[in-house]
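Containing mmCIF, C-alpha atoms: protein23.cif.
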```
data_upload
#
loop_
_atom_site.group_PDB
_atom_site.id
_atom_site.type_symbol
_atom_site.label_atom_id
_atom_site.label_comp_id
_atom_site.auth_asym_id
_atom_site.auth_seq_id
_atom_site.Cartn_x
_atom_site.Cartn_y
_atom_site.Cartn_z
ATOM 1 C CA MET A 1 -82.659 -32.511 11.120
ATOM 2 C CA GLU A 2 -83.002 -36.308 11.240
ATOM 3 C CA ASP A 3 -86.111 -36.028 13.405
ATOM 4 C CA PHE A 4 -88.106 -34.555 10.510
ATOM 5 C CA ILE A 5 -86.856 -36.966 7.846
ATOM 6 C CA HIS A 6 -89.066 -40.043 7.669
ATOM 7 C CA ILE A 7 -87.896 -43.147 5.836
ATOM 8 C CA GLU A 8 -90.590 -45.657 4.950
ATOM 9 C CA PRO A 9 -89.193 -49.057 3.952
ATOM 10 C CA THR A 10 -91.028 -51.147 1.339
ATOM 11 C CA PRO A 11 -94.073 -48.947 0.661
ATOM 12 C CA LEU A 12 -94.870 -51.028 -2.455
ATOM 13 C CA PRO A 13 -95.378 -54.756 -2.872
ATOM 14 C CA LEU A 14 -92.374 -56.169 -4.768
ATOM 15 C CA LYS A 15 -94.488 -57.052 -7.816
ATOM 16 C CA ASP A 16 -95.738 -53.446 -8.084
ATOM 17 C CA LEU A 17 -92.215 -52.065 -7.680
ATOM 18 C CA GLN A 18 -90.997 -54.319 -10.495
ATOM 19 C CA GLN A 19 -93.862 -53.149 -12.727
ATOM 20 C CA LEU A 20 -93.080 -49.484 -11.993
ATOM 21 C CA ILE A 21 -89.395 -50.023 -12.850
ATOM 22 C CA LYS A 22 -90.378 -51.852 -16.040
ATOM 23 C CA TYR A 23 -92.738 -48.998 -16.952
ATOM 24 C CA SER A 24 -90.087 -46.369 -16.158
ATOM 25 C CA ASN A 25 -87.668 -48.079 -18.524
ATOM 26 C CA THR A 26 -90.118 -47.583 -21.445
ATOM 27 C CA LEU A 27 -90.402 -43.794 -21.028
ATOM 28 C CA ASN A 28 -88.856 -41.024 -23.104
ATOM 29 C CA PHE A 29 -87.278 -38.664 -20.596
ATOM 30 C CA ASP A 30 -86.798 -34.933 -21.119
ATOM 31 C CA LYS A 31 -84.109 -32.856 -19.442
ATOM 32 C CA ALA A 32 -85.365 -31.798 -16.007
ATOM 33 C CA LYS A 33 -86.274 -28.161 -15.493
ATOM 34 C CA VAL A 34 -85.008 -25.887 -12.748
ATOM 35 C CA ALA A 35 -86.992 -23.246 -10.851
ATOM 36 C CA THR A 36 -85.209 -20.414 -9.068
ATOM 37 C CA ASN A 37 -86.781 -17.981 -6.628
ATOM 38 C CA TYR A 38 -87.823 -15.654 -9.414
ATOM 39 C CA GLU A 39 -88.135 -17.589 -12.652
ATOM 40 C CA SER A 40 -88.679 -21.018 -14.103
ATOM 41 C CA LYS A 41 -85.820 -21.976 -16.391
ATOM 42 C CA ASN A 42 -86.027 -24.590 -19.067
ATOM 43 C CA THR A 43 -82.878 -26.476 -18.143
ATOM 44 C CA ASP A 44 -79.572 -25.833 -16.453
ATOM 45 C CA LEU A 45 -77.398 -28.923 -16.677
ATOM 46 C CA ASP A 46 -74.823 -27.402 -14.327
ATOM 47 C CA ILE A 47 -77.464 -27.466 -11.560
ATOM 48 C CA ARG A 48 -79.819 -30.313 -12.435
ATOM 49 C CA ASN A 49 -78.695 -32.874 -14.976
ATOM 50 C CA VAL A 50 -81.262 -35.667 -14.943
ATOM 51 C CA GLY A 51 -83.957 -37.149 -17.167
ATOM 52 C CA SER A 52 -87.502 -36.195 -16.160
ATOM 53 C CA TYR A 53 -90.936 -37.570 -16.984
ATOM 54 C CA HIS A 54 -94.059 -36.020 -15.411
ATOM 55 C CA ILE A 55 -97.089 -38.147 -14.626
ATOM 56 C CA GLY A 56 -100.420 -36.943 -13.323
ATOM 57 C CA GLU A 57 -104.161 -36.673 -13.711
ATOM 58 C CA ASN A 58 -103.827 -34.469 -16.801
ATOM 59 C CA SER A 59 -101.738 -36.940 -18.757
ATOM 60 C CA PHE A 60 -103.043 -38.327 -22.029
ATOM 61 C CA LEU A 61 -101.810 -41.807 -21.161
ATOM 62 C CA MET A 62 -103.885 -43.954 -18.836
ATOM 63 C CA SER A 63 -100.758 -45.693 -17.540
ATOM 64 C CA ASP A 64 -99.374 -42.282 -16.401
ATOM 65 C CA VAL A 65 -102.662 -41.513 -14.655
ATOM 66 C CA PHE A 66 -102.678 -44.936 -13.004
ATOM 67 C CA TRP A 67 -99.129 -44.600 -11.646
ATOM 68 C CA ALA A 68 -99.702 -41.030 -10.455
ATOM 69 C CA ASN A 69 -102.848 -42.041 -8.568
ATOM 70 C CA TYR A 70 -101.241 -45.174 -7.150
ATOM 71 C CA LEU A 71 -98.135 -43.296 -5.975
ATOM 72 C CA GLU A 72 -100.270 -40.553 -4.437
ATOM 73 C CA PHE A 73 -102.201 -43.249 -2.533
ATOM 74 C CA VAL A 74 -98.894 -44.690 -1.238
ATOM 75 C CA CYS A 75 -97.644 -41.229 -0.225
ATOM 76 C CA ARG A 76 -100.895 -40.347 1.552
ATOM 77 C CA LYS A 77 -100.847 -43.672 3.389
ATOM 78 C CA THR A 78 -97.291 -42.971 4.566
ATOM 79 C CA LEU A 79 -98.265 -39.417 5.523
ATOM 80 C CA VAL A 80 -100.540 -40.824 8.225
ATOM 81 C CA LYS A 81 -97.463 -42.150 10.038
ATOM 82 C CA TYR A 82 -95.609 -38.879 9.486
ATOM 83 C CA TYR A 83 -98.538 -36.847 10.847
ATOM 84 C CA LYS A 84 -98.795 -39.010 13.966
ATOM 85 C CA LYS A 85 -95.071 -38.623 14.587
ATOM 86 C CA PHE A 86 -95.407 -34.814 14.649
ATOM 87 C CA ASN A 87 -98.908 -34.403 16.101
ATOM 88 C CA ASN A 88 -100.314 -33.176 12.788
ATOM 89 C CA ILE A 89 -98.199 -30.000 12.617
ATOM 90 C CA PHE A 90 -98.094 -30.282 8.816
ATOM 91 C CA SER A 91 -101.133 -29.557 6.710
ATOM 92 C CA ILE A 92 -101.403 -30.324 3.022
ATOM 93 C CA LYS A 93 -104.170 -29.823 0.484
ATOM 94 C CA ASN A 94 -102.929 -31.709 -2.545
ATOM 95 C CA PHE A 95 -99.953 -33.028 -4.453
ATOM 96 C CA ASP A 96 -97.997 -31.382 -7.213
ATOM 97 C CA THR A 97 -97.185 -33.465 -10.295
ATOM 98 C CA PHE A 98 -95.284 -36.682 -9.743
ATOM 99 C CA GLU A 99 -91.995 -36.847 -11.604
ATOM 100 C CA ILE A 100 -90.097 -40.001 -12.543
ATOM 101 C CA LEU A 101 -86.369 -39.281 -12.667
ATOM 102 C CA LYS A 102 -83.662 -41.186 -14.496
ATOM 103 C CA TYR A 103 -80.079 -40.408 -13.492
ATOM 104 C CA ASN A 104 -77.495 -41.852 -15.897
ATOM 105 C CA GLU A 105 -73.731 -41.725 -15.362
ATOM 106 C CA GLY A 106 -72.634 -38.141 -14.676
ATOM 107 C CA HIS A 107 -76.166 -36.981 -13.834
ATOM 108 C CA LYS A 108 -76.702 -35.053 -10.584
ATOM 109 C CA PHE A 109 -78.787 -32.423 -8.813
ATOM 110 C CA ASN A 110 -76.728 -29.849 -6.937
ATOM 111 C CA PHE A 111 -77.397 -28.486 -3.445
ATOM 112 C CA HIS A 112 -80.938 -26.986 -3.386
ATOM 113 C CA ILE A 113 -84.221 -26.687 -1.486
ATOM 114 C CA ASP A 114 -87.641 -27.659 -2.827
ATOM 115 C CA HIS A 115 -89.657 -24.651 -1.617
ATOM 116 C CA GLY A 116 -89.671 -21.172 -3.136
ATOM 117 C CA PRO A 117 -91.965 -18.367 -4.334
ATOM 118 C CA LEU A 118 -92.688 -20.128 -7.639
ATOM 119 C CA VAL A 119 -92.982 -23.553 -5.999
ATOM 120 C CA PRO A 120 -94.565 -23.166 -2.518
ATOM 121 C CA ARG A 121 -94.151 -26.746 -1.330
ATOM 122 C CA THR A 122 -94.715 -28.098 2.186
ATOM 123 C CA LEU A 123 -93.389 -31.665 2.102
ATOM 124 C CA SER A 124 -91.063 -33.448 -0.310
ATOM 125 C CA PHE A 125 -91.174 -37.126 -1.248
ATOM 126 C CA ILE A 126 -88.357 -39.118 -2.824
ATOM 127 C CA PHE A 127 -89.088 -42.709 -3.717
ATOM 128 C CA PHE A 128 -86.046 -44.877 -4.490
ATOM 129 C CA LEU A 129 -86.960 -47.459 -7.130
ATOM 130 C CA ASN A 130 -83.578 -49.183 -7.342
ATOM 131 C CA ASP A 131 -80.217 -49.300 -5.587
ATOM 132 C CA ASP A 132 -77.986 -51.046 -8.151
ATOM 133 C CA TYR A 133 -75.904 -47.993 -9.045
ATOM 134 C CA GLU A 134 -72.915 -46.134 -7.643
ATOM 135 C CA GLY A 135 -72.873 -42.486 -6.606
ATOM 136 C CA GLY A 136 -76.258 -40.773 -6.735
ATOM 137 C CA ASP A 137 -76.348 -40.308 -2.975
ATOM 138 C CA LEU A 138 -79.099 -38.235 -1.368
ATOM 139 C CA ILE A 139 -77.315 -35.953 1.089
ATOM 140 C CA PHE A 140 -78.916 -33.407 3.420
ATOM 141 C CA HIS A 141 -76.838 -30.448 4.558
ATOM 142 C CA GLY A 142 -77.296 -29.284 8.140
ATOM 143 C CA LYS A 143 -75.612 -26.381 9.882
ATOM 144 C CA ASP A 144 -72.703 -28.423 11.179
ATOM 145 C CA LYS A 145 -73.086 -31.800 9.493
ATOM 146 C CA LYS A 146 -74.260 -33.741 6.495
ATOM 147 C CA LEU A 147 -76.707 -36.642 6.537
ATOM 148 C CA LYS A 148 -76.358 -39.269 3.827
ATOM 149 C CA ILE A 149 -79.492 -41.368 3.310
ATOM 150 C CA LYS A 150 -78.716 -45.054 2.815
ATOM 151 C CA LYS A 151 -79.922 -45.998 -0.637
ATOM 152 C CA GLU A 152 -82.284 -48.925 -0.717
ATOM 153 C CA SER A 153 -84.726 -49.870 -3.418
ATOM 154 C CA ASN A 154 -88.409 -49.535 -2.527
ATOM 155 C CA GLN A 155 -87.817 -46.814 0.063
ATOM 156 C CA LEU A 156 -89.803 -43.588 0.459
ATOM 157 C CA VAL A 157 -88.190 -40.545 2.082
ATOM 158 C CA ILE A 158 -90.392 -37.677 3.352
ATOM 159 C CA PHE A 159 -89.075 -34.355 4.637
ATOM 160 C CA PRO A 160 -90.084 -30.680 4.870
ATOM 161 C CA SER A 161 -89.456 -28.767 1.637
ATOM 162 C CA ASN A 162 -88.279 -25.601 3.397
ATOM 163 C CA PHE A 163 -84.892 -23.916 3.755
ATOM 164 C CA MET A 164 -83.960 -26.079 6.746
ATOM 165 C CA PHE A 165 -83.575 -29.137 4.493
ATOM 166 C CA PRO A 166 -81.137 -28.317 1.677
ATOM 167 C CA HIS A 167 -80.094 -31.464 -0.130
ATOM 168 C CA GLU A 168 -78.354 -32.797 -3.212
ATOM 169 C CA VAL A 169 -78.015 -35.911 -5.337
ATOM 170 C CA THR A 170 -74.339 -36.570 -6.021
ATOM 171 C CA PRO A 171 -73.194 -37.524 -9.540
ATOM 172 C CA ILE A 172 -73.856 -41.068 -10.700
ATOM 173 C CA THR A 173 -70.548 -42.861 -11.227
ATOM 174 C CA LYS A 174 -71.892 -46.218 -12.441
ATOM 175 C CA GLY A 175 -75.297 -47.501 -13.522
ATOM 176 C CA THR A 176 -78.681 -45.790 -13.569
ATOM 177 C CA ARG A 177 -80.676 -44.384 -10.645
ATOM 178 C CA LEU A 178 -84.476 -44.417 -10.955
ATOM 179 C CA SER A 179 -86.597 -42.473 -8.494
ATOM 180 C CA VAL A 180 -89.926 -40.712 -8.203
ATOM 181 C CA VAL A 181 -90.253 -37.292 -6.627
ATOM 182 C CA ALA A 182 -93.387 -35.471 -5.543
ATOM 183 C CA TRP A 183 -94.331 -32.518 -3.393
ATOM 184 C CA ALA A 184 -97.289 -31.861 -1.136
ATOM 185 C CA LEU A 185 -98.694 -28.349 -1.170
#
```
Produce structure tokens that represent the structure in this file.
Amino acid sequence: MEDFIHIEPTPLPLKDLQQLIKYSNTLNFDKAKVATNYESKNTDLDIRNVGSYHIGENSFLMSDVFWANYLEFVCRKTLVKYYKKFNNIFSIKNFDTFEILKYNEGHKFNFHIDHGPLVPRTLSFIFFLNDDYEGGDLIFHGKDKKLKIKKESNQLVIFPSNFMFPHEVTPITKGTRLSVVAWAL
């Protein structure tokens, strides 16, 4: 499992990271949605309780478009290393919407996978913006073990979205966790 999880330290210059955190703290977050294998639900706080803000090319705000394009550039740059590591066995065409997530105390995302019939994703990206919170651990579940990713600000985690990489974000017990998630199709 660990072989296919790539952790990229410091993908952003510190000044850019600080600007992204500052920008994230100005946003109005909605409750995150949940997709099952057969339907897209509005919200299910028992499964995914986290604030969500989508950014992308279709946004009406230029700052959203800027951050989406910048983060896609960072992800694509990191993908080059990931591709070399696995002799280009992954192929992607484009990125799904980027989503800024804000986990407050008690927020979590239960055990899940990122790929399904309604969301056919190839690779998942989780970008840790900060690390000054407690709980909120990213944990992968393997057949016989669990892998807890050390939380560090300015860290990008890439992994396959398929059923072999179920994961969760444990409840926040203190502070606020900011992250960005994206998926390559």
Inset, instruction - Kindly resolve the PyMOL selection byres ((chain A and resi 55-71) around 8) on the present coordinates and return the residues as a ChimeraX atom specification. - result: /A:20,53-54,72-75,97-100
Please produce, as a tab-separated table, a per-residue contact table for region 13-132 of chain A versus region 144-156 of chain A (criterion: any atom at most 6 Å away, all atoms listed in the file considered), showing the nearest atom pair and its distance in Å to one decimal, sorted by chain then residue number.
```
residue	atom	partner	partner_atom	distance
A:Ile126	CA	A:Leu156	CA	5.7
A:Phe127	CA	A:Leu156	CA	4.3
A:Phe128	CA	A:Gln155	CA	5.3
A:Leu129	CA	A:Ser153	CA	5.0
A:Asn130	CA	A:Ser153	CA	4.1
A:Asp131	CA	A:Ser153	CA	5.0
```
For the selection just defined, write its residues with C-alpha atoms to a file, as a CSV table (one decimal), in the coordinates of the input.
```csv
chain,number,residue,atom,x,y,z
A,126,ILE,CA,-88.4,-39.1,-2.8
A,127,PHE,CA,-89.1,-42.7,-3.7
A,128,PHE,CA,-86.0,-44.9,-4.5
A,129,LEU,CA,-87.0,-47.5,-7.1
A,130,ASN,CA,-83.6,-49.2,-7.3
A,131,ASP,CA,-80.2,-49.3,-5.6
```
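Proximity to Phe109 (chain A) at 6 Å, evaluated using all atoms listed in the file and with sequence-adjacent residues fewer than 4 positions away removed, yields Ile47, Arg48, Glu168 and Val169 of chain A.
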Inset, instruction - Between CA of Ile89 (chain A) and CA of Met1 (chain A), measure the distance and give it in Å to one decimal. - result: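 Answer for the CA of Ile89 (chain A) to CA of Met1 (chain A) separation: 15.8 Å.
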Legend entry - Separation of CA of Phe159 (chain A) from CA of Thr122 (chain A), in Å and rounded to one decimal: 8.8 Å
Inset, instruction - Report as a list in words the full result of the PyMOL selection byres ((chain A and resi 106) around 10) when it is applied to this structure. - result: Asn49, Val50, Tyr103, Asn104, Glu105, His107, Lys108, Gly135, Gly136, Thr170, Pro171, Ile172, Thr173, Lys174, Gly175 and Thr176 of chain A
